[in-house]
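Peer 1: Below you will find the structure I want to go over with you.
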Amino acid sequence: VSSETTRTRVLAAGRRLTPQRDLISEVLEADPRPRSAQELWTEVRARAPGIGRATVFRALDALVDAGAARRLALPNRRSGYVGCSALHHHHFVCQDCGIVIELPEPEVSPLLRHLERARGFQVNHARLDFYGTCPDCLPRSRAAPRSSPASKTVRDPDYLG
Ligand SMILES: [Zn+2]
Ligand SMILES: [Zn+2]
Ligand SMILES: [Zn+2]
């Protein structure tokens with residue numbers, strides 16, 4: 001099977017799923033926090049009762065392949081999907097409120113240029129997302145660091161490797 005054939009088939013599958021993709025895009029855009037495929041299926045069903053789990057999961061994959069959504073790694077080995085704009089970007093994920101903020105390439109590229117100079121690499125591609133506390137949550141987490149025993153601001157060693 002040539003890659004061209006595979007690509008054509010993937011594109012055809014994506015086109016067949018266009019109404020479902022549009023619906024899922026709307027659901028993703030309605031909330032900037034990452035949600036699991038299962039959670040998204042529940043939300044999509046509220047708008048389109050009867051839509052199948054496999055259909056939603058396939059349409060979600062097609063959105064990711066098209067660059068219109070990303071599956072982000074989350075603490076505790078979970079993952080969640082977010083809607084993405086067309087321009088290449090990276091993400092900041094707030095571990096307190098869950099909001100995802102897109103970081104345009106110019107904010108990230110100085111780090112890549114630094115690596116190239118310091119290490120002698122040529123970096124062609126980076127999948128780089130940042131995890132922490134957003135400006136809205138930071139005053140709260142500083143004011144009451146002990147109020148919540150399960151404070152999510154605790155640094156997760158899995159994600160600071
Ligand atoms: Zn994105
Ligand atoms: Zn936040
Ligand atoms: Zn980049």
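By order of appearance in the structure tokens: chains A, B, ..., then residues from 1 within every chain, and ligands from 1 in the order shown.
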Taking only C-alpha atoms and all ligand atoms and a cut-off of 10 Å, can you tell me which residues surround ligand 3, written as a PyMOL selection string?
Peer 2: chain A and resi 87-91+103-109+112+123-129
Peer 1: Go ahead and write the selection's residues with C-alpha atoms as an mmCIF file, in the first residue's frame.
Peer 2:
data_model
loop_
_atom_site.group_PDB
_atom_site.id
_atom_site.type_symbol
_atom_site.label_atom_id
_atom_site.label_comp_id
_atom_site.auth_asym_id
_atom_site.auth_seq_id
_atom_site.Cartn_x
_atom_site.Cartn_y
_atom_site.Cartn_z
ATOM 1 C CA LEU A 87 -0.882 28.461 12.884
ATOM 2 C CA HIS A 88 1.920 26.348 14.383
ATOM 3 C CA HIS A 89 2.010 26.892 18.144
ATOM 4 C CA HIS A 90 2.793 25.313 21.510
ATOM 5 C CA HIS A 91 0.665 25.116 24.666
ATOM 6 C CA LEU A 103 1.950 29.995 22.641
ATOM 7 C CA PRO A 104 2.865 31.356 19.213
ATOM 8 C CA GLU A 105 6.155 30.132 17.775
ATOM 9 C CA PRO A 106 8.063 33.437 18.368
ATOM 10 C CA GLU A 107 7.643 32.906 22.133
ATOM 11 C CA VAL A 108 9.215 29.448 21.949
ATOM 12 C CA SER A 109 11.799 29.767 19.194
ATOM 13 C CA LEU A 112 15.282 26.381 20.234
ATOM 14 C CA VAL A 123 16.284 21.636 15.475
ATOM 15 C CA ASN A 124 13.686 20.992 12.765
ATOM 16 C CA HIS A 125 10.639 20.243 14.867
ATOM 17 C CA ALA A 126 9.589 20.572 18.499
ATOM 18 C CA ARG A 127 6.593 19.232 20.365
ATOM 19 C CA LEU A 128 6.833 21.390 23.407
ATOM 20 C CA ASP A 129 4.078 22.070 25.931
#
Peer 1: Would you pick out the contacts of Glu29 (chain A) at 9 Å or less, using only C-alpha atoms, so that residues sharing its chain but fewer than 2 positions from it are not included, and give the list as a list in words?
Peer 2: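 Returned residues: Ile24, Ser25, Glu26, Val27, Asp31, Pro32, Val82, Gly83 and Cys84 of chain A.
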Peer 1: Kindly indicate which residue among A:Arg113, A:Phe130, A:Gly98, A:Gly50 lies nearest to ligand 2, using only C-alpha atoms and all ligand atoms for the distances.
Peer 2: A:Gly98
Peer 1: Got a sec: who's within 12 Å of Leu74 (chain A), counting only C-alpha atoms, leaving out chain neighbours fewer than 3 positions off, as JSON, numbers by chain?
Peer 2: {"A": [33, 34, 35, 36, 71, 77, 78, 79, 80, 81, 82, 91, 92, 93, 94, 95, 96, 98, 99, 100, 129, 130, 131, 132, 152, 156, 158, 159, 160]}
Peer 1: Distance CA of Leu17 (chain A)-CA of Ser85 (chain A), one decimal place?
Peer 2: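 Separation of CA of Leu17 (chain A) and CA of Ser85 (chain A): 19.5 Å.
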Peer 1: Could you tell me which of A:Arg47, A:Arg140, A:Arg21, A:Arg119 comes closest to ligand 2 if we count only C-alpha atoms and all ligand atoms?
Peer 2: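 That would be A:Arg140, the residue with the smallest distance to ligand 2.
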Peer 1: Could you tell me, as a PyMOL selection string, which residues of region 25-161 of chain A DSSP assigns to alpha helix (DSSP H) when given the backbone?
Peer 2: chain A and resi 25-29+37-47+53-65+105-119+138-143
Peer 1: Which value, in Å to one decimal, gives the distance between CA of Cys137 (chain A) and atom 1 (Zn, counted along the ligand's line) of ligand 2?
Peer 2: 4.4 Å
Peer 1: Please extract the residues of region 42-112 of chain A with a backbone DSSP assignment of strand (DSSP E or B) and present them as a PyMOL selection string.
Peer 2: chain A and resi 69-74+78-83+89-94+100-104
Peer 1: Need the shell around region 52-60 of chain A: protein/DNA/RNA residues with any atom at most 10 Å away, counting only C-alpha atoms. Skip same-chain ones fewer than 6 positions apart. Format as a compact mmCIF listing (two decimals) with N, CA, C and O atoms, in the first residue's frame?
Peer 2:
# COMPACT_ATOMS: atom_id res chain seq x y z
N ALA A 13 -11.81 9.61 4.38
CA ALA A 13 -12.47 9.32 5.65
C ALA A 13 -12.76 10.62 6.38
O ALA A 13 -13.82 10.80 6.97
N GLY A 14 -11.80 11.55 6.33
CA GLY A 14 -11.97 12.84 6.98
C GLY A 14 -13.13 13.61 6.38
O GLY A 14 -13.92 14.21 7.09
N ARG A 15 -13.25 13.55 5.04
CA ARG A 15 -14.35 14.27 4.38
C ARG A 15 -15.69 13.66 4.74
O ARG A 15 -16.65 14.38 4.96
N ARG A 16 -15.74 12.32 4.78
CA ARG A 16 -17.00 11.67 5.14
C ARG A 16 -17.46 12.10 6.53
O ARG A 16 -18.63 12.15 6.81
N LEU A 17 -16.49 12.42 7.38
CA LEU A 17 -16.83 12.75 8.77
C LEU A 17 -17.02 14.26 8.97
O LEU A 17 -17.04 14.71 10.11
N THR A 18 -17.16 15.02 7.89
CA THR A 18 -17.17 16.47 8.03
C THR A 18 -18.22 17.01 9.02
O THR A 18 -17.87 17.81 9.88
N PRO A 19 -19.51 16.57 8.95
CA PRO A 19 -20.47 17.12 9.91
C PRO A 19 -20.09 16.80 11.35
O PRO A 19 -20.21 17.65 12.24
N GLN A 20 -19.59 15.58 11.57
CA GLN A 20 -19.18 15.19 12.93
C GLN A 20 -17.97 16.00 13.38
O GLN A 20 -17.88 16.42 14.53
N ARG A 21 -17.05 16.22 12.43
CA ARG A 21 -15.86 17.02 12.77
C ARG A 21 -16.27 18.43 13.14
O ARG A 21 -15.75 19.00 14.10
N ASP A 22 -17.18 19.02 12.39
CA ASP A 22 -17.63 20.38 12.69
C ASP A 22 -18.26 20.44 14.09
O ASP A 22 -18.00 21.37 14.85
N LEU A 23 -19.06 19.43 14.39
CA LEU A 23 -19.74 19.38 15.69
C LEU A 23 -18.70 19.28 16.81
O LEU A 23 -18.78 19.99 17.83
N ILE A 24 -17.72 18.41 16.65
CA ILE A 24 -16.69 18.23 17.68
C ILE A 24 -15.84 19.49 17.81
O ILE A 24 -15.47 19.89 18.92
N SER A 25 -15.53 20.13 16.67
CA SER A 25 -14.80 21.39 16.73
C SER A 25 -15.55 22.42 17.57
O SER A 25 -14.95 23.13 18.38
N ALA A 37 -11.50 11.76 25.27
CA ALA A 37 -12.39 11.39 24.17
C ALA A 37 -13.75 10.96 24.72
O ALA A 37 -14.80 11.29 24.15
N GLN A 38 -13.73 10.25 25.84
CA GLN A 38 -14.99 9.81 26.47
C GLN A 38 -15.84 11.01 26.90
O GLN A 38 -17.05 11.05 26.66
N LEU A 40 -15.68 14.02 25.70
CA LEU A 40 -16.15 14.72 24.50
C LEU A 40 -17.34 13.99 23.88
O LEU A 40 -18.28 14.63 23.41
N TRP A 41 -17.29 12.67 23.91
CA TRP A 41 -18.42 11.90 23.37
C TRP A 41 -19.70 12.27 24.13
O TRP A 41 -20.76 12.51 23.52
N THR A 42 -19.62 12.36 25.47
CA THR A 42 -20.77 12.74 26.28
C THR A 42 -21.28 14.12 25.88
O THR A 42 -22.49 14.33 25.72
N VAL A 44 -20.79 15.72 23.01
CA VAL A 44 -21.31 15.71 21.64
C VAL A 44 -22.71 15.09 21.62
O VAL A 44 -23.62 15.57 20.92
N ARG A 45 -22.92 14.05 22.42
CA ARG A 45 -24.23 13.39 22.47
C ARG A 45 -25.33 14.33 22.96
O ARG A 45 -26.49 14.17 22.59
N ALA A 66 -5.56 16.55 10.99
CA ALA A 66 -5.66 17.78 10.20
C ALA A 66 -5.03 18.97 10.94
O ALA A 66 -5.00 20.08 10.40
N ALA A 68 -6.24 20.38 13.61
CA ALA A 68 -7.27 21.23 14.19
C ALA A 68 -7.51 20.90 15.66
O ALA A 68 -8.31 21.58 16.33
N ALA A 69 -6.85 19.87 16.16
CA ALA A 69 -6.95 19.50 17.57
C ALA A 69 -5.65 18.84 17.97
O ALA A 69 -4.90 18.35 17.12
N ARG A 70 -5.38 18.86 19.28
CA ARG A 70 -4.19 18.17 19.79
C ARG A 70 -4.56 17.35 21.01
O ARG A 70 -5.44 17.74 21.78
N ARG A 71 -3.87 16.23 21.16
CA ARG A 71 -4.03 15.42 22.35
C ARG A 71 -2.86 15.78 23.27
O ARG A 71 -1.71 15.56 22.92
N TYR A 81 -8.01 16.33 24.88
CA TYR A 81 -8.00 16.99 23.58
C TYR A 81 -8.36 18.46 23.73
O TYR A 81 -9.19 18.83 24.55
